[in-house]
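Dropping structure.txt in here (compact mmCIF, C-alpha atoms):
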# COMPACT_ATOMS: atom_id res chain seq x y z
CA MET A 1 -11.35 21.02 11.82
CA ASP A 2 -11.62 18.93 15.00
CA LEU A 3 -13.36 21.00 17.68
CA GLY A 4 -13.55 18.18 20.18
CA LEU A 5 -17.36 18.19 20.10
CA ASP A 6 -19.40 15.41 21.69
CA PRO A 7 -20.55 13.14 18.84
CA VAL A 8 -23.54 12.01 20.93
CA ALA A 9 -26.59 14.26 20.62
CA PHE A 10 -28.57 12.55 23.40
CA SER A 11 -29.10 9.16 25.01
CA LEU A 12 -32.23 7.05 25.45
CA GLY A 13 -31.24 4.59 28.12
CA PRO A 14 -28.41 2.48 26.68
CA LEU A 15 -29.05 3.85 23.16
CA GLU A 16 -26.83 6.71 22.06
CA VAL A 17 -28.15 8.94 19.28
CA ARG A 18 -25.22 10.53 17.49
CA TRP A 19 -25.25 13.82 15.64
CA TYR A 20 -23.97 12.08 12.50
CA GLY A 21 -26.86 9.64 12.41
CA LEU A 22 -29.35 12.33 13.36
CA LEU A 23 -28.19 14.64 10.56
CA MET A 24 -28.16 11.78 8.07
CA ALA A 25 -31.76 10.92 9.03
CA LEU A 26 -32.67 14.60 8.69
CA SER A 27 -31.12 14.67 5.22
CA VAL A 28 -33.23 11.67 4.17
CA LEU A 29 -36.38 13.33 5.50
CA ALA A 30 -35.55 16.58 3.69
CA GLY A 31 -34.86 14.63 0.51
CA VAL A 32 -38.23 12.87 0.66
CA ILE A 33 -40.04 16.17 1.26
CA LEU A 34 -38.26 17.83 -1.67
CA LEU A 35 -38.91 14.80 -3.88
CA ASN A 36 -42.63 14.86 -3.09
CA ALA A 37 -42.84 18.61 -3.71
CA GLY A 38 -41.02 18.26 -7.03
CA ALA A 39 -43.27 15.41 -8.12
CA LYS A 40 -46.40 17.48 -7.40
CA ARG A 41 -44.94 20.43 -9.27
CA LYS A 42 -44.30 18.29 -12.33
CA GLY A 43 -47.55 16.34 -12.10
CA ILE A 44 -45.74 13.03 -11.57
CA ASP A 45 -47.05 10.03 -9.63
CA GLY A 46 -45.61 10.96 -6.24
CA ASP A 47 -46.72 7.74 -4.53
CA ALA A 48 -44.69 5.61 -6.95
CA LEU A 49 -41.62 7.81 -6.47
CA LEU A 50 -41.92 7.85 -2.68
CA SER A 51 -42.24 4.06 -2.45
CA THR A 52 -39.20 3.76 -4.72
CA ALA A 53 -37.32 6.35 -2.64
CA LEU A 54 -37.36 4.03 0.38
CA TRP A 55 -35.53 1.36 -1.61
CA VAL A 56 -33.19 3.94 -3.13
CA VAL A 57 -32.21 5.23 0.31
CA LEU A 58 -31.52 1.69 1.49
CA GLY A 59 -29.53 0.89 -1.65
CA GLY A 60 -27.62 4.15 -1.30
CA VAL A 61 -26.66 3.49 2.33
CA VAL A 62 -25.57 -0.07 1.55
CA GLY A 63 -23.56 1.08 -1.47
CA ALA A 64 -21.98 3.92 0.50
CA ARG A 65 -20.90 1.64 3.33
CA LEU A 66 -19.65 -1.18 1.10
CA MET A 67 -17.48 1.15 -0.96
CA TYR A 68 -16.08 2.85 2.14
CA VAL A 69 -15.27 -0.49 3.78
CA ALA A 70 -13.71 -1.79 0.56
CA THR A 71 -11.42 1.24 0.22
CA THR A 72 -10.46 1.30 3.95
CA TRP A 73 -10.48 -2.42 4.72
CA GLY A 74 -7.55 -2.13 7.11
CA MET A 75 -9.77 -0.23 9.54
CA PHE A 76 -12.29 -3.09 9.73
CA ARG A 77 -10.22 -6.24 9.32
CA ASP A 78 -9.86 -6.80 13.05
CA ASN A 79 -13.25 -5.44 14.09
CA LEU A 80 -15.96 -6.64 11.73
CA TRP A 81 -18.72 -5.35 14.03
CA GLU A 82 -17.77 -1.81 12.98
CA VAL A 83 -18.78 -2.59 9.39
CA ILE A 84 -22.45 -2.03 10.24
CA ARG A 85 -21.87 0.93 12.63
CA ILE A 86 -22.71 3.65 10.12
CA ASP A 87 -23.63 5.90 13.04
CA HIS A 88 -19.88 6.17 13.65
CA GLY A 89 -19.42 7.67 10.19
CA GLY A 90 -17.67 6.21 7.19
CA LEU A 91 -19.81 6.43 4.07
CA SER A 92 -18.62 6.84 0.51
CA PHE A 93 -20.65 9.38 -1.43
CA HIS A 94 -19.66 7.77 -4.73
CA GLY A 95 -20.90 4.44 -3.36
CA ALA A 96 -24.17 6.07 -2.29
CA LEU A 97 -24.74 7.47 -5.78
CA LEU A 98 -23.99 4.13 -7.41
CA GLY A 99 -26.07 2.09 -4.97
CA GLY A 100 -29.02 4.46 -5.14
CA LEU A 101 -28.91 4.73 -8.92
CA LEU A 102 -28.78 0.96 -9.48
CA THR A 103 -31.58 0.39 -6.96
CA GLY A 104 -33.80 2.99 -8.62
CA LEU A 105 -33.12 1.52 -12.05
CA ILE A 106 -34.03 -1.99 -10.86
CA VAL A 107 -37.25 -0.90 -9.15
CA LEU A 108 -38.39 1.37 -12.01
CA ARG A 109 -37.00 -0.70 -14.90
CA ARG A 110 -40.48 -0.90 -16.46
CA ASP A 111 -40.99 2.86 -16.38
CA LEU A 112 -37.91 4.56 -17.81
CA ARG A 113 -39.49 8.00 -17.95
CA LEU A 114 -40.42 7.89 -14.26
CA PHE A 115 -36.89 6.73 -13.42
CA LEU A 116 -35.31 9.61 -15.34
CA ALA A 117 -37.70 12.18 -13.92
CA GLY A 118 -37.14 10.82 -10.42
CA SER A 119 -33.36 10.92 -10.78
CA ASP A 120 -33.62 14.65 -11.47
CA LEU A 121 -35.95 15.23 -8.54
CA VAL A 122 -33.65 13.57 -5.99
CA VAL A 123 -30.77 15.97 -6.73
CA PRO A 124 -31.86 18.80 -4.36
CA GLY A 125 -32.16 16.36 -1.47
CA VAL A 126 -28.80 14.79 -2.28
CA CYS A 127 -27.12 18.22 -2.34
CA LEU A 128 -28.66 19.21 0.98
CA GLY A 129 -27.84 15.81 2.44
CA TYR A 130 -24.19 16.16 1.44
CA ALA A 131 -23.97 19.45 3.32
CA LEU A 132 -25.72 18.06 6.42
CA VAL A 133 -23.58 14.93 6.57
CA ARG A 134 -20.43 17.06 6.36
CA ILE A 135 -21.70 18.90 9.44
CA GLY A 136 -22.07 15.48 11.06
CA ASN A 137 -18.43 14.82 10.20
CA ILE A 138 -17.50 17.83 12.35
CA PHE A 139 -19.12 16.24 15.41
CA ASN A 140 -17.37 12.94 14.66
CA GLY A 141 -14.02 14.69 14.27
CA GLU A 142 -13.48 13.11 10.84
CA VAL A 143 -12.91 14.24 7.24
CA LEU A 144 -10.17 16.49 8.57
CA GLY A 145 -8.30 18.98 6.45
CA ARG A 146 -4.58 18.95 5.85
CA THR A 147 -2.38 20.82 8.32
CA ALA A 148 -1.07 24.16 7.05
CA THR A 149 1.83 25.94 8.75
CA ALA A 150 1.92 28.94 6.39
CA LEU A 151 -1.75 29.82 6.79
CA PRO A 152 -3.58 31.61 9.63
CA PHE A 153 -5.37 28.38 10.61
CA PRO A 154 -3.76 25.10 11.78
CA ARG A 155 -5.55 22.96 9.21
CA HIS A 156 -8.03 23.40 6.40
CA PRO A 157 -11.71 23.15 7.48
CA ALA A 158 -12.42 20.40 4.95
CA GLN A 159 -15.86 19.68 6.40
CA LEU A 160 -16.92 23.27 5.79
CA TYR A 161 -15.56 23.05 2.24
CA GLY A 162 -17.87 20.05 1.85
CA VAL A 163 -20.83 22.03 3.18
CA ALA A 164 -20.04 24.79 0.67
CA ILE A 165 -19.86 22.21 -2.15
CA GLY A 166 -23.31 20.86 -1.24
CA LEU A 167 -24.83 24.34 -1.26
CA ALA A 168 -23.04 25.27 -4.50
CA LEU A 169 -24.38 22.13 -6.17
CA LEU A 170 -27.87 23.05 -5.01
CA VAL A 171 -27.53 26.50 -6.63
CA LEU A 172 -26.14 25.01 -9.86
CA HIS A 173 -29.02 22.53 -10.00
CA ALA A 174 -31.59 25.28 -9.47
CA ARG A 175 -30.09 27.30 -12.31
CA SER A 176 -29.90 24.31 -14.67
CA SER A 177 -33.50 23.29 -13.91
CA ARG A 178 -34.73 26.66 -15.21
CA LEU A 179 -33.09 26.07 -18.59
CA PRO A 180 -34.44 23.73 -21.30
CA HIS A 181 -33.36 20.17 -20.54
CA THR A 182 -34.34 16.56 -21.11
CA GLU A 183 -35.53 14.43 -18.19
CA GLY A 184 -32.63 12.72 -16.46
CA SER A 185 -30.00 15.18 -17.69
CA LEU A 186 -30.02 17.23 -14.47
CA PHE A 187 -28.85 14.21 -12.49
CA TRP A 188 -25.88 13.62 -14.77
CA ARG A 189 -24.98 17.32 -14.73
CA PHE A 190 -24.97 17.03 -10.95
CA VAL A 191 -22.59 14.04 -11.15
CA ILE A 192 -20.23 16.03 -13.37
CA ASN A 193 -20.34 19.17 -11.22
CA TYR A 194 -19.90 17.18 -8.02
CA SER A 195 -16.93 15.25 -9.38
CA ILE A 196 -15.14 18.45 -10.34
CA LEU A 197 -15.85 20.32 -7.10
CA ARG A 198 -14.98 17.32 -4.92
CA ALA A 199 -11.67 16.71 -6.68
CA VAL A 200 -10.56 20.33 -6.99
CA VAL A 201 -11.87 21.85 -3.75
CA GLU A 202 -12.39 19.23 -1.07
CA GLU A 203 -9.85 16.54 -1.94
CA THR A 204 -7.01 19.01 -2.48
CA PHE A 205 -7.20 20.17 1.13
CA ARG A 206 -8.51 17.00 2.80
CA GLU A 207 -6.23 14.78 4.87
CA ASN A 208 -6.42 11.73 2.60
CA PRO A 209 -3.41 9.57 1.67
CA LEU A 210 -1.67 10.61 -1.53
CA ILE A 211 -1.64 7.68 -3.92
CA TRP A 212 0.52 9.55 -6.43
CA PRO A 213 2.22 12.55 -4.76
CA VAL A 214 2.77 14.80 -7.76
CA LEU A 215 2.10 18.14 -6.07
CA GLN A 216 2.29 18.59 -2.34
CA SER A 217 2.75 21.57 -0.04
CA GLU A 218 2.78 20.83 3.67
CA ALA A 219 3.05 24.56 4.41
CA HIS A 220 -0.17 25.40 2.55
CA GLY A 221 -1.95 22.10 3.16
CA ILE A 222 -2.20 21.08 -0.50
CA GLY A 223 -1.94 17.56 -1.90
CA PHE A 224 -2.31 15.78 -5.25
CA PHE A 225 -3.31 13.05 -6.06
CA THR A 226 -5.66 11.19 -3.73
CA LEU A 227 -7.55 8.08 -4.82
CA THR A 228 -10.68 10.16 -5.42
CA GLN A 229 -8.75 12.62 -7.61
CA LEU A 230 -7.25 9.78 -9.63
CA VAL A 231 -10.67 8.24 -10.38
CA THR A 232 -12.31 11.61 -11.10
CA PRO A 233 -11.64 11.38 -14.88
CA LEU A 234 -13.54 8.07 -14.87
CA ALA A 235 -16.41 9.66 -12.91
CA LEU A 236 -16.52 12.53 -15.42
CA LEU A 237 -16.55 10.08 -18.31
CA VAL A 238 -19.44 8.17 -16.73
CA GLY A 239 -21.30 11.43 -16.11
CA TYR A 240 -20.79 12.64 -19.67
CA ALA A 241 -21.77 9.26 -21.13
CA GLY A 242 -24.89 9.15 -18.94
CA LEU A 243 -25.82 12.65 -20.04
CA ARG A 244 -25.45 11.87 -23.75
CA ILE A 245 -27.28 8.54 -23.49
CA THR A 246 -30.13 10.12 -21.54
CA GLN A 247 -30.49 12.94 -24.06
CA ARG A 248 -30.42 10.48 -26.96
CA VAL A 249 -33.00 8.16 -25.37
CA MET A 250 -35.38 10.98 -24.54
CA SER A 251 -34.98 12.52 -28.01
CA SER A 252 -35.89 9.20 -29.62
CA ARG A 253 -39.02 9.00 -27.45
CA ALA A 254 -40.15 12.54 -28.22
CA PRO A 255 -43.38 12.65 -30.27
CA THR A 256 -42.88 13.55 -33.92
CA SER A 257 -45.17 15.90 -35.81
CA SER A 258 -46.89 14.66 -38.97

Can you turn what I pasted into structure tokens?
Amino acid sequence: MDLGLDPVAFSLGPLEVRWYGLLMALSVLAGVILLNAGAKRKGIDGDALLSTALWVVLGGVVGARLMYVATTWGMFRDNLWEVIRIDHGGLSFHGALLGGLLTGLIVLRRDLRLFLAGSDLVVPGVCLGYALVRIGNIFNGEVLGRTATALPFPRHPAQLYGVAIGLALLVLHARSSRLPHTEGSLFWRFVINYSILRAVVEETFRENPLIWPVLQSEAHGIGFFTLTQLVTPLALLVGYAGLRITQRVMSSRAPTSS
């Protein structure tokens, strides 16, 4: 869905503030607010989590950009300045998860319980941020859906599918958090749910190159398999392994009755 919207929200002299960057900043702010509220609700040291969150956000942005550039190097080979122009869009969500997770683990390596609790508490903000950034993609005219000649719309509104995925993940997380769970497991359940929804819903109808064109319908705007769909089994394996390891670690640390 490319509506031809102006990607610039407003200008301050020579500085252009784009909707994409504005919505991404808003998602970070919302994530910090939700993290702080969750920490207070659980009686966790909020100051330690908030100071770590700043590093996690930085690590997530760097990881997101590096993975996007690595997988679309042809777009940057002749214009290296664009590598740092994240306000123009171009962030890999998988890279953000990996960069943020590794950064949090490094900063909180001496406090495993706080790291696991914090990883659960960042999920609501990540879900909301995913939805907001997809709205930013609409203003940038990117993350377009596949064209569809047999449907009542010219192309799939892939950005709106992404918004729906973010909100659905938020609902799934809220439901899972009400059930008995070990600290850290909610994050890995999020990784699993996201991987499935991204591969099945968004990637199927998104205008990404088909690495292995097994199933394709130009009339209905359907395509399998994109790079993301091909690596989804690996993402699911990582999510499942992280879930089992987290549950095992927390079970071994649980106090035993005498």

Name the residues, using the chain letters and numbers of the file, that sit within 8 Å of (-21.8, 7.9, 1.4) when counting only C-alpha atoms, and give them as a ChimeraX atom specification. /A:60-61,63-65,68,90-97

Next, dump the selected residues to file, keeping only C-alpha atoms, as a short mmCIF file (atom, residue, chain, number, x, y, z; two decimals), keeping the file's coordinate frame.
data_model
loop_
_atom_site.label_atom_id
_atom_site.label_comp_id
_atom_site.auth_asym_id
_atom_site.auth_seq_id
_atom_site.Cartn_x
_atom_site.Cartn_y
_atom_site.Cartn_z
CA GLY A 60 -27.62 4.15 -1.30
CA VAL A 61 -26.66 3.49 2.33
CA GLY A 63 -23.56 1.08 -1.47
CA ALA A 64 -21.98 3.92 0.50
CA ARG A 65 -20.90 1.64 3.33
CA TYR A 68 -16.08 2.85 2.14
CA GLY A 90 -17.67 6.21 7.19
CA LEU A 91 -19.81 6.43 4.07
CA SER A 92 -18.62 6.84 0.51
CA PHE A 93 -20.65 9.38 -1.43
CA HIS A 94 -19.66 7.77 -4.73
CA GLY A 95 -20.90 4.44 -3.36
CA ALA A 96 -24.17 6.07 -2.29
CA LEU A 97 -24.74 7.47 -5.78
#

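For the choices A:Phe139, A:Phe190, A:Phe205, A:Tyr240, the atom-to-atom distance to Ala219 of chain A is smallest for A:Phe205 when using only C-alpha atoms.
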
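The protein and nucleic acid residues lying at most 12 Å from Ala117 of chain A are Leu35, Gly38, Ala39, Arg41, Lys42, Gly43, Ile44, Asp45, Gly46, Ala48, Leu49, Gly104, Leu105, Leu108, Asp111, Leu112, Val122, Val123, Ser177, His181, Thr182, Glu183, Gly184, Ser185, Leu186, Phe187, Trp188, Thr246 and Met250 of chain A, with all atoms listed in the file considered and sequence neighbours fewer than 5 positions away removed.
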
Just the number, please: distance in Å from atom CA of Gly4 of chain A to atom CA of Gly145 of chain A, one decimal. 14.7 Å

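Taking atom CA of Pro233 of chain A and atom CA of Leu197 of chain A as the two end points, the separation is 12.6 Å.
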
Option closest in space to Thr52 of chain A, from A:Arg18, A:Arg109, A:Arg198, A:Arg77 [counting all atoms listed in the file]: A:Arg109

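Computed from the coordinates, the atom CA of Leu151 of chain A to atom CA of Gly223 of chain A distance equals 15.0 Å.
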
Considering all atoms listed in the file, state which residue in the set A:Val83, A:His220, A:Glu202, A:Leu98 is at the smallest distance from Ala70 of chain A. A:Val83

Out of A:Lys40, A:His156, A:Arg134, A:Arg110, which residue has the shortest atom-to-atom distance to Tyr20 of chain A when counting all atoms listed in the file? A:Arg134

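Compared by their closest atoms to Gly31 of chain A, and using all atoms listed in the file, the residues A:Ile211, A:Cys127, A:Leu114, A:Val69 rank with A:Cys127 nearest.
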
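Nearest residue to Thr226 of chain A, choosing from A:Glu203, A:Asp6, A:Glu82, A:Glu142 and counting all atoms listed in the file: A:Glu203.
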
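These residues, each with an atom at most 9 Å from (-27.1, 18.9, -0.9) using only C-alpha atoms, are Ser27, Gly31, Val123, Pro124, Gly125, Val126, Cys127, Leu128, Gly129, Tyr130, Ala131, Leu132, Val163, Ile165, Gly166, Leu167, Ala168, Leu169 and Leu170 of chain A.
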
How would the residues just chosen look if you wrote them out with C-alpha atoms as a PDB file, keeping the file's coordinate frame?
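File produced: again20.pdb:
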ATOM      1  CA  SER A  27     -31.120  14.670   5.220  1.00  0.00           C
ATOM      2  CA  GLY A  31     -34.860  14.630   0.510  1.00  0.00           C
ATOM      3  CA  VAL A 123     -30.770  15.970  -6.730  1.00  0.00           C
ATOM      4  CA  PRO A 124     -31.860  18.800  -4.360  1.00  0.00           C
ATOM      5  CA  GLY A 125     -32.160  16.360  -1.470  1.00  0.00           C
ATOM      6  CA  VAL A 126     -28.800  14.790  -2.280  1.00  0.00           C
ATOM      7  CA  CYS A 127     -27.120  18.220  -2.340  1.00  0.00           C
ATOM      8  CA  LEU A 128     -28.660  19.210   0.980  1.00  0.00           C
ATOM      9  CA  GLY A 129     -27.840  15.810   2.440  1.00  0.00           C
ATOM     10  CA  TYR A 130     -24.190  16.160   1.440  1.00  0.00           C
ATOM     11  CA  ALA A 131     -23.970  19.450   3.320  1.00  0.00           C
ATOM     12  CA  LEU A 132     -25.720  18.060   6.420  1.00  0.00           C
ATOM     13  CA  VAL A 163     -20.830  22.030   3.180  1.00  0.00           C
ATOM     14  CA  ILE A 165     -19.860  22.210  -2.150  1.00  0.00           C
ATOM     15  CA  GLY A 166     -23.310  20.860  -1.240  1.00  0.00           C
ATOM     16  CA  LEU A 167     -24.830  24.340  -1.260  1.00  0.00           C
ATOM     17  CA  ALA A 168     -23.040  25.270  -4.500  1.00  0.00           C
ATOM     18  CA  LEU A 169     -24.380  22.130  -6.170  1.00  0.00           C
ATOM     19  CA  LEU A 170     -27.870  23.050  -5.010  1.00  0.00           C
TER      20      LEU A 170
END
